file data23.csv (CSV, C-alpha atoms)
chain,number,residue,atom,x,y,z
A,1,MET,CA,0.0,0.0,0.0
A,2,PHE,CA,1.1,3.6,-0.7
A,3,SER,CA,1.3,6.2,2.0
A,4,ALA,CA,-0.6,9.5,1.6
A,5,ASN,CA,2.5,11.3,0.4
A,6,GLU,CA,3.3,8.6,-2.0
A,7,ASN,CA,-0.2,8.7,-3.4
A,8,ILE,CA,0.1,12.5,-3.9
A,9,LEU,CA,3.4,12.0,-5.7
A,10,LEU,CA,2.0,9.2,-7.9
A,11,ARG,CA,-0.9,11.4,-8.9
A,12,GLN,CA,1.5,14.2,-9.8
A,13,HIS,CA,3.6,11.9,-12.0
A,14,LYS,CA,0.4,10.5,-13.6
A,15,ARG,CA,-0.8,14.1,-14.4
A,16,ARG,CA,2.6,14.9,-15.8
A,17,VAL,CA,2.6,11.8,-18.1
A,18,ILE,CA,-0.9,12.5,-19.2
A,19,ASP,CA,0.1,16.1,-20.1
A,20,TYR,CA,2.9,14.7,-22.2
A,21,VAL,CA,0.5,12.5,-24.2
A,22,GLU,CA,-2.2,15.2,-24.6
A,23,SER,CA,0.5,17.6,-26.0
A,24,THR,CA,0.8,15.2,-29.0
A,25,ILE,CA,-3.0,15.1,-29.7
A,26,PRO,CA,-4.7,17.8,-31.8
A,27,GLU,CA,-6.9,20.3,-29.9
A,28,ASP,CA,-10.0,19.4,-32.0
A,29,ALA,CA,-9.6,15.7,-31.0
A,30,LEU,CA,-9.3,16.7,-27.4
A,31,ASP,CA,-12.4,19.0,-27.7
A,32,LEU,CA,-14.4,16.0,-29.1
A,33,GLY,CA,-13.7,14.1,-25.9
A,34,THR,CA,-10.5,12.2,-26.4
A,35,ALA,CA,-9.2,11.1,-23.0
A,36,VAL,CA,-5.8,9.9,-21.8
A,37,MET,CA,-5.3,7.5,-18.9
A,38,ALA,CA,-2.0,6.6,-17.3
A,39,MET,CA,-1.3,4.1,-14.5
A,40,GLN,CA,1.5,2.3,-12.9
A,41,VAL,CA,1.3,-1.5,-13.0
A,42,SER,CA,3.4,-4.2,-11.5
A,43,CYS,CA,4.5,-7.4,-13.2
A,44,ARG,CA,5.7,-10.5,-11.4
A,45,GLN,CA,6.1,-12.7,-14.4
A,46,PRO,CA,9.7,-13.7,-15.4
A,47,GLY,CA,11.4,-11.2,-17.6
A,48,CYS,CA,9.1,-8.3,-16.7
A,49,VAL,CA,10.3,-5.1,-15.2
A,50,PRO,CA,8.9,-4.7,-11.7
A,51,LEU,CA,7.0,-1.5,-12.4
A,52,GLU,CA,5.9,-0.2,-15.8
A,53,THR,CA,3.7,2.6,-17.0
A,54,ALA,CA,0.5,1.7,-19.0
A,55,ILE,CA,-1.0,4.5,-21.2
A,56,THR,CA,-4.4,4.3,-22.8
A,57,VAL,CA,-5.9,6.9,-25.2
A,58,VAL,CA,-9.7,6.6,-25.4
A,59,PHE,CA,-11.1,8.2,-28.5
A,60,PRO,CA,-14.7,9.5,-28.5
A,61,LYS,CA,-17.5,7.4,-30.0
A,62,PRO,CA,-18.7,8.8,-33.3
A,63,PRO,CA,-22.4,9.4,-33.8
A,64,ARG,CA,-24.5,6.5,-35.0
A,65,LYS,CA,-26.3,6.7,-38.3
A,66,MET,CA,-29.2,4.6,-39.5
A,67,LYS,CA,-30.1,3.9,-43.1
A,68,LYS,CA,-33.1,2.3,-44.5
A,69,LYS,CA,-32.7,-0.7,-46.8
A,70,ARG,CA,-35.1,-0.4,-49.7
A,71,ASN,CA,-35.4,-3.5,-51.9
A,72,THR,CA,-36.4,-3.2,-55.6
A,73,ALA,CA,-39.5,-5.0,-56.8
A,74,GLN,CA,-37.5,-7.8,-58.3
A,75,GLN,CA,-35.6,-8.2,-55.0
A,76,GLN,CA,-38.9,-8.3,-53.1
A,77,GLN,CA,-40.1,-11.1,-55.4
A,78,GLN,CA,-37.0,-13.1,-54.8
A,79,ASP,CA,-37.1,-12.5,-51.1
A,80,ASN,CA,-40.8,-13.0,-50.6
A,81,LYS,CA,-40.1,-16.0,-48.3
A,82,SER,CA,-38.2,-13.7,-46.0
A,83,THR,CA,-40.5,-10.6,-45.8
A,84,ASN,CA,-38.9,-9.6,-42.5
A,85,ASP,CA,-35.8,-8.6,-44.4
A,86,ASN,CA,-37.8,-6.0,-46.5
A,87,ASN,CA,-37.5,-2.4,-45.5
A,88,GLU,CA,-35.5,-3.4,-42.4
A,89,LYS,CA,-33.1,-0.9,-40.8
A,90,GLU,CA,-29.5,-1.8,-41.0
A,91,GLU,CA,-27.1,-0.3,-38.6
A,92,GLU,CA,-23.9,1.1,-40.0
A,93,VAL,CA,-20.6,0.8,-38.2
A,94,PRO,CA,-20.3,4.3,-36.7
A,95,SER,CA,-17.2,6.2,-37.7
A,96,PHE,CA,-15.9,9.7,-38.3
A,97,PRO,CA,-15.4,10.8,-41.9
A,98,LYS,CA,-11.7,10.7,-41.3
A,99,PRO,CA,-9.5,9.6,-38.4
A,100,LEU,CA,-9.0,12.2,-35.7
A,101,LEU,CA,-5.3,11.3,-35.8
A,102,PRO,CA,-3.8,10.5,-39.2
A,103,ASN,CA,-3.4,6.8,-40.1
A,104,LEU,CA,-4.8,5.7,-36.7
A,105,GLU,CA,-7.9,3.6,-37.2
A,106,GLU,CA,-8.8,3.6,-33.5
A,107,SER,CA,-9.4,7.4,-33.7
A,108,ARG,CA,-11.9,7.0,-36.6
A,109,ILE,CA,-14.1,4.3,-35.0
A,110,GLY,CA,-13.9,5.4,-31.4
A,111,GLY,CA,-11.5,2.8,-30.2
A,112,ASN,CA,-8.7,2.7,-27.7
A,113,PHE,CA,-5.0,3.0,-28.3
A,114,LYS,CA,-2.7,1.3,-25.7
A,115,THR,CA,1.0,1.5,-25.2
A,116,ARG,CA,3.5,0.7,-22.4
A,117,ILE,CA,6.7,2.3,-21.1
A,118,LEU,CA,9.0,-0.1,-19.2
A,119,LYS,CA,9.6,2.4,-16.4
A,120,PRO,CA,7.7,3.5,-13.3
A,121,LEU,CA,5.7,6.6,-13.6
A,122,SER,CA,8.2,8.7,-11.6
A,123,ASP,CA,11.0,7.9,-14.1
A,124,VAL,CA,9.0,8.6,-17.3
A,125,THR,CA,10.2,11.5,-19.4
A,126,LYS,CA,8.7,13.2,-22.4
A,127,ASP,CA,11.2,11.4,-24.7
A,128,ASP,CA,10.0,8.1,-23.2
A,129,VAL,CA,6.4,9.1,-24.1
A,130,LEU,CA,7.4,10.0,-27.7
A,131,ASP,CA,9.3,6.8,-28.1
A,132,ALA,CA,6.1,4.9,-27.1
A,133,LEU,CA,3.8,6.7,-29.5
A,134,PRO,CA,3.6,6.1,-33.3
A,135,PRO,CA,4.0,9.0,-35.7
A,136,SER,CA,0.2,9.5,-35.8
A,137,PHE,CA,0.8,11.4,-32.6
A,138,ALA,CA,2.7,14.7,-33.0
A,139,GLY,CA,6.4,13.9,-32.5
A,140,GLY,CA,5.7,10.1,-32.0
A,141,ARG,CA,8.7,8.0,-32.8
A,142,ARG,CA,7.5,4.4,-32.3
A,143,THR,CA,8.1,2.5,-35.6
A,144,VAL,CA,8.9,-1.0,-36.6
A,145,GLU,CA,12.5,0.1,-37.0
A,146,SER,CA,12.7,1.8,-33.6
A,147,ILE,CA,11.2,-1.3,-31.9
A,148,CYS,CA,13.8,-3.6,-33.7
A,149,ILE,CA,16.7,-1.3,-32.7
A,150,LYS,CA,15.5,-1.2,-29.1
A,151,ALA,CA,15.1,-5.0,-28.9
A,152,ARG,CA,18.6,-5.4,-30.4
A,153,ASP,CA,20.2,-3.0,-27.9
A,154,MET,CA,18.4,-4.7,-25.0
A,155,ILE,CA,19.6,-8.1,-26.1
A,156,PHE,CA,23.2,-7.0,-26.5
A,157,ALA,CA,23.1,-5.3,-23.2
A,158,GLN,CA,21.8,-8.4,-21.5
A,159,ILE,CA,24.5,-10.6,-23.1
A,160,GLY,CA,27.2,-8.2,-21.9
A,161,GLN,CA,25.8,-8.1,-18.3
A,162,LEU,CA,25.4,-11.9,-18.1
A,163,VAL,CA,28.6,-12.9,-19.8
A,164,GLY,CA,30.8,-9.8,-19.1
A,165,GLY,CA,32.5,-7.2,-21.3
A,166,GLY,CA,31.0,-5.9,-24.5
A,167,GLY,CA,31.1,-2.2,-23.8
A,168,GLY,CA,31.6,0.4,-21.2
A,169,ASP,CA,34.7,2.0,-19.7
A,170,ASN,CA,35.0,-0.4,-16.8
A,171,ASN,CA,34.5,-3.6,-18.8
A,172,GLU,CA,37.6,-5.6,-19.4
A,173,ASP,CA,37.2,-7.5,-22.7
A,174,SER,CA,39.0,-10.7,-22.0
A,175,THR,CA,39.3,-13.6,-24.4
A,176,ASP,CA,36.8,-15.6,-22.2
A,177,SER,CA,34.2,-12.8,-22.3
A,178,VAL,CA,34.4,-12.5,-26.1
A,179,GLU,CA,34.1,-16.2,-26.6
A,180,GLY,CA,31.2,-16.3,-24.1
A,181,ARG,CA,29.3,-13.6,-25.9
A,182,ARG,CA,29.9,-15.4,-29.2
A,183,LEU,CA,28.5,-18.7,-27.9
A,184,VAL,CA,25.4,-17.0,-26.5
A,185,ALA,CA,24.8,-15.2,-29.8
A,186,GLU,CA,25.1,-18.4,-31.7
A,187,TYR,CA,22.6,-20.1,-29.4
A,188,LEU,CA,20.2,-17.2,-29.7
A,189,LYS,CA,20.4,-17.3,-33.5
A,190,VAL,CA,19.2,-20.8,-33.5
A,191,CYS,CA,16.5,-20.0,-31.0
A,192,LEU,CA,15.2,-17.0,-33.0
A,193,ASP,CA,14.9,-19.2,-36.1
A,194,GLU,CA,12.9,-21.7,-34.2
A,195,TYR,CA,10.8,-18.9,-32.7
A,196,VAL,CA,9.8,-17.8,-36.2
A,197,GLU,CA,9.1,-21.3,-37.4
A,198,ARG,CA,6.8,-21.9,-34.4
A,199,GLY,CA,4.6,-19.0,-35.2
A,200,CYS,CA,6.5,-16.6,-32.9
A,201,VAL,CA,5.4,-18.5,-29.7
A,202,ALA,CA,8.0,-18.2,-27.0
A,203,PRO,CA,9.0,-21.1,-24.8
A,204,GLU,CA,8.1,-21.4,-21.2
A,205,TRP,CA,10.5,-19.4,-18.9
A,206,GLY,CA,13.6,-21.5,-18.5
A,207,GLU,CA,12.5,-24.3,-20.9
A,208,LYS,CA,15.4,-25.8,-22.8
A,209,ASP,CA,14.0,-29.0,-24.2
A,210,GLY,CA,13.4,-28.6,-28.0
A,211,TRP,CA,15.0,-25.2,-28.2
A,212,GLY,CA,18.4,-24.3,-29.5
A,213,SER,CA,19.0,-27.8,-30.9
A,214,LYS,CA,18.3,-27.6,-34.6
A,215,ASP,CA,19.8,-30.6,-36.4
A,216,ASP,CA,20.4,-31.6,-39.9
A,217,ASP,CA,17.0,-33.2,-40.2
A,218,THR,CA,15.4,-29.8,-39.6
A,219,ALA,CA,17.6,-28.3,-42.3
A,220,ASN,CA,16.9,-31.1,-44.7
A,221,ASN,CA,13.2,-30.5,-44.3
A,222,GLY,CA,13.8,-27.1,-45.9
A,223,GLY,CA,14.9,-28.8,-49.1
A,224,ASP,CA,18.5,-27.7,-49.1
A,225,LYS,CA,20.6,-30.7,-48.4
A,226,GLU,CA,23.9,-29.1,-49.3
A,227,VAL,CA,23.3,-26.2,-46.8
A,228,ALA,CA,22.5,-28.8,-44.1
A,229,GLU,CA,25.7,-30.7,-44.9
A,230,ASP,CA,27.7,-27.5,-44.8
A,231,ALA,CA,26.1,-26.5,-41.5
A,232,SER,CA,26.9,-30.0,-40.1
A,233,ALA,CA,30.5,-29.7,-41.2
A,234,THR,CA,30.8,-26.2,-39.7
A,235,LYS,CA,29.4,-27.4,-36.5
A,236,ASP,CA,31.9,-30.3,-36.3
A,237,ASP,CA,34.8,-27.9,-37.1
A,238,ASP,CA,33.6,-25.5,-34.4
A,239,THR,CA,33.5,-28.3,-31.9
A,240,LYS,CA,37.1,-29.2,-32.7
A,241,SER,CA,38.4,-25.7,-32.8
A,242,GLY,CA,36.8,-24.3,-29.7
A,243,GLY,CA,33.3,-23.5,-31.0
A,244,ILE,CA,29.8,-24.2,-29.7
A,245,LYS,CA,29.0,-27.6,-28.2
A,246,TRP,CA,25.4,-28.6,-27.6
A,247,GLY,CA,24.7,-31.1,-24.9
A,248,GLU,CA,22.4,-31.9,-22.0
A,249,GLY,CA,23.7,-29.2,-19.8
A,250,ASN,CA,24.9,-25.6,-20.3
A,251,ILE,CA,26.9,-24.3,-23.3
A,252,VAL,CA,30.5,-25.2,-22.6
A,253,PHE,CA,33.8,-23.9,-23.8
A,254,LYS,CA,36.0,-26.3,-25.7
A,255,ARG,CA,39.3,-24.9,-26.7
A,256,PRO,CA,41.8,-26.4,-29.0
A,257,ALA,CA,44.3,-28.6,-27.2
A,258,GLU,CA,47.4,-26.7,-28.5
A,259,ASP,CA,49.5,-27.8,-25.6
A,260,ASP,CA,48.9,-31.5,-26.4
A,261,ASP,CA,49.9,-30.9,-30.0
A,262,ASP,CA,53.2,-29.3,-28.8
A,263,GLU,CA,53.9,-32.3,-26.6
A,264,LYS,CA,53.3,-34.6,-29.5
A,265,ASP,CA,55.7,-32.6,-31.7
A,266,GLY,CA,58.3,-32.6,-28.9
A,267,LYS,CA,58.1,-36.4,-28.7
call {"tool": "encode", "arguments": {"input": "data23.csv", "output": "structure tokens"}}
result
Amino acid sequence: MFSANENILLRQHKRRVIDYVESTIPEDALDLGTAVMAMQVSCRQPGCVPLETAITVVFPKPPRKMKKKRNTAQQQQQDNKSTNDNNEKEEEVPSFPKPLLPNLEESRIGGNFKTRILKPLSDVTKDDVLDALPPSFAGGRRTVESICIKARDMIFAQIGQLVGGGGGDNNEDSTDSVEGRRLVAEYLKVCLDEYVERGCVAPEWGEKDGWGSKDDDTANNGGDKEVAEDASATKDDDTKSGGIKWGEGNIVFKRPAEDDDDEKDGK
């Protein structure tokens, strides 16, 4: 539970975020009744940030119009078995002549637009809001490209934090950390291919069975036997020369036994 002071601060942050969003919406759309809601929500599922900000833009419902369906004489004869259909009123889907926000269908039919910012309300800036809104909103920067770049940067940052190195002034880029990041990247490449093949359905948190273990049979099903054979040969070479090794447990490092070769040469 929040204390009285915390609730006051939370309302202030909520009002600030709402003002950021409203500043991106045309005045005429606001005058028609467009409303903005912001709330702080918690997530306890694996991989979620503890607190995030949920934003909902509620567009006004357009006026409903009714039109009368008038059948021709010929149609009436054809439909004489279903006289209830004659001269009945059909309800049109209500909509504004054009969207209140350009290229945003929700604003034309009176729907809701929802987005999330992976930060608590107190940390949300105007730049965060603009990054979470599409270009239909004034200054919005959320595009497919921006989402891809953000996902890329988050993945790379996580690899660096989990394995070590990979950027920053205080990170020492040892041979082990470089090799570790490479192994994780190779594993993720395989998992991403499987993710796409399975209809973009993610595995259960921590699940490893059936993931990251593509074999030649999977490749052969694609119809390219030579590619599969090359992949198999590359995999064998990598295993011999310190590459990735798939097994029951974790990804392991297997470096070339250079010392053993030197001993053999000495003998």
call {"tool": "residues_around", "arguments": {"input": "data23.csv", "residues": "Phe156 of chain A", "least_positions_apart": "4", "cutoff": "12 Å", "atoms": "only C-alpha atoms", "output": "short mmCIF file (atom, residue, chain, number, x, y, z; two decimals) with C-alpha atoms, keeping the file's coordinate frame"}}
result
data_model
loop_
_atom_site.label_atom_id
_atom_site.label_comp_id
_atom_site.auth_asym_id
_atom_site.auth_seq_id
_atom_site.Cartn_x
_atom_site.Cartn_y
_atom_site.Cartn_z
CA ILE A 149 16.70 -1.30 -32.70
CA LYS A 150 15.50 -1.20 -29.10
CA ALA A 151 15.10 -5.00 -28.90
CA ARG A 152 18.60 -5.40 -30.40
CA GLY A 160 27.20 -8.20 -21.90
CA GLN A 161 25.80 -8.10 -18.30
CA LEU A 162 25.40 -11.90 -18.10
CA VAL A 163 28.60 -12.90 -19.80
CA GLY A 164 30.80 -9.80 -19.10
CA GLY A 165 32.50 -7.20 -21.30
CA GLY A 166 31.00 -5.90 -24.50
CA GLY A 167 31.10 -2.20 -23.80
CA ARG A 181 29.30 -13.60 -25.90
CA ARG A 182 29.90 -15.40 -29.20
CA VAL A 184 25.40 -17.00 -26.50
CA ALA A 185 24.80 -15.20 -29.80
CA LEU A 188 20.20 -17.20 -29.70
#
call {"tool": "closest_residue", "arguments": {"input": "data23.csv", "among": "A:Lys61, A:His13, A:Lys208, A:Arg108", "to": "Met39 of chain A", "atoms": "all atoms listed in the file"}}
result
A:His13
call {"tool": "atom_distance", "arguments": {"input": "data23.csv", "atom1": "atom CA of Val49 of chain A", "atom2": "atom CA of Val17 of chain A"}}
result
18.8 Å
call {"tool": "residues_around", "arguments": {"input": "data23.csv", "residues": "Gly212 of chain A", "least_positions_apart": "2", "cutoff": "6 Å", "atoms": "only C-alpha atoms", "output": "PyMOL selection string"}}
result
chain A and resi 187+190-191
call {"tool": "write_last_selection", "arguments": {"input": "data23.csv", "atoms": "C-alpha atoms", "output": "compact mmCIF listing (two decimals), in the coordinates of the input"}}
result
# COMPACT_ATOMS: atom_id res chain seq x y z
CA TYR A 187 22.60 -20.10 -29.40
CA VAL A 190 19.20 -20.80 -33.50
CA CYS A 191 16.50 -20.00 -31.00
call {"tool": "residues_around", "arguments": {"input": "data23.csv", "residues": "Leu121 of chain A", "least_positions_apart": "6", "cutoff": "10 Å", "atoms": "all atoms listed in the file", "output": "PDB file with C-alpha atoms, in the coordinates of the input"}}
result
ATOM      1  CA  LEU A   9       3.400  12.000  -5.700  1.00  0.00           C
ATOM      2  CA  LEU A  10       2.000   9.200  -7.900  1.00  0.00           C
ATOM      3  CA  ARG A  11      -0.900  11.400  -8.900  1.00  0.00           C
ATOM      4  CA  GLN A  12       1.500  14.200  -9.800  1.00  0.00           C
ATOM      5  CA  HIS A  13       3.600  11.900 -12.000  1.00  0.00           C
ATOM      6  CA  LYS A  14       0.400  10.500 -13.600  1.00  0.00           C
ATOM      7  CA  ARG A  15      -0.800  14.100 -14.400  1.00  0.00           C
ATOM      8  CA  ARG A  16       2.600  14.900 -15.800  1.00  0.00           C
ATOM      9  CA  VAL A  17       2.600  11.800 -18.100  1.00  0.00           C
ATOM     10  CA  ALA A  38      -2.000   6.600 -17.300  1.00  0.00           C
ATOM     11  CA  MET A  39      -1.300   4.100 -14.500  1.00  0.00           C
ATOM     12  CA  GLN A  40       1.500   2.300 -12.900  1.00  0.00           C
ATOM     13  CA  VAL A  41       1.300  -1.500 -13.000  1.00  0.00           C
ATOM     14  CA  LEU A  51       7.000  -1.500 -12.400  1.00  0.00           C
ATOM     15  CA  GLU A  52       5.900  -0.200 -15.800  1.00  0.00           C
ATOM     16  CA  THR A  53       3.700   2.600 -17.000  1.00  0.00           C
ATOM     17  CA  ALA A  54       0.500   1.700 -19.000  1.00  0.00           C
TER      18      ALA A  54
END
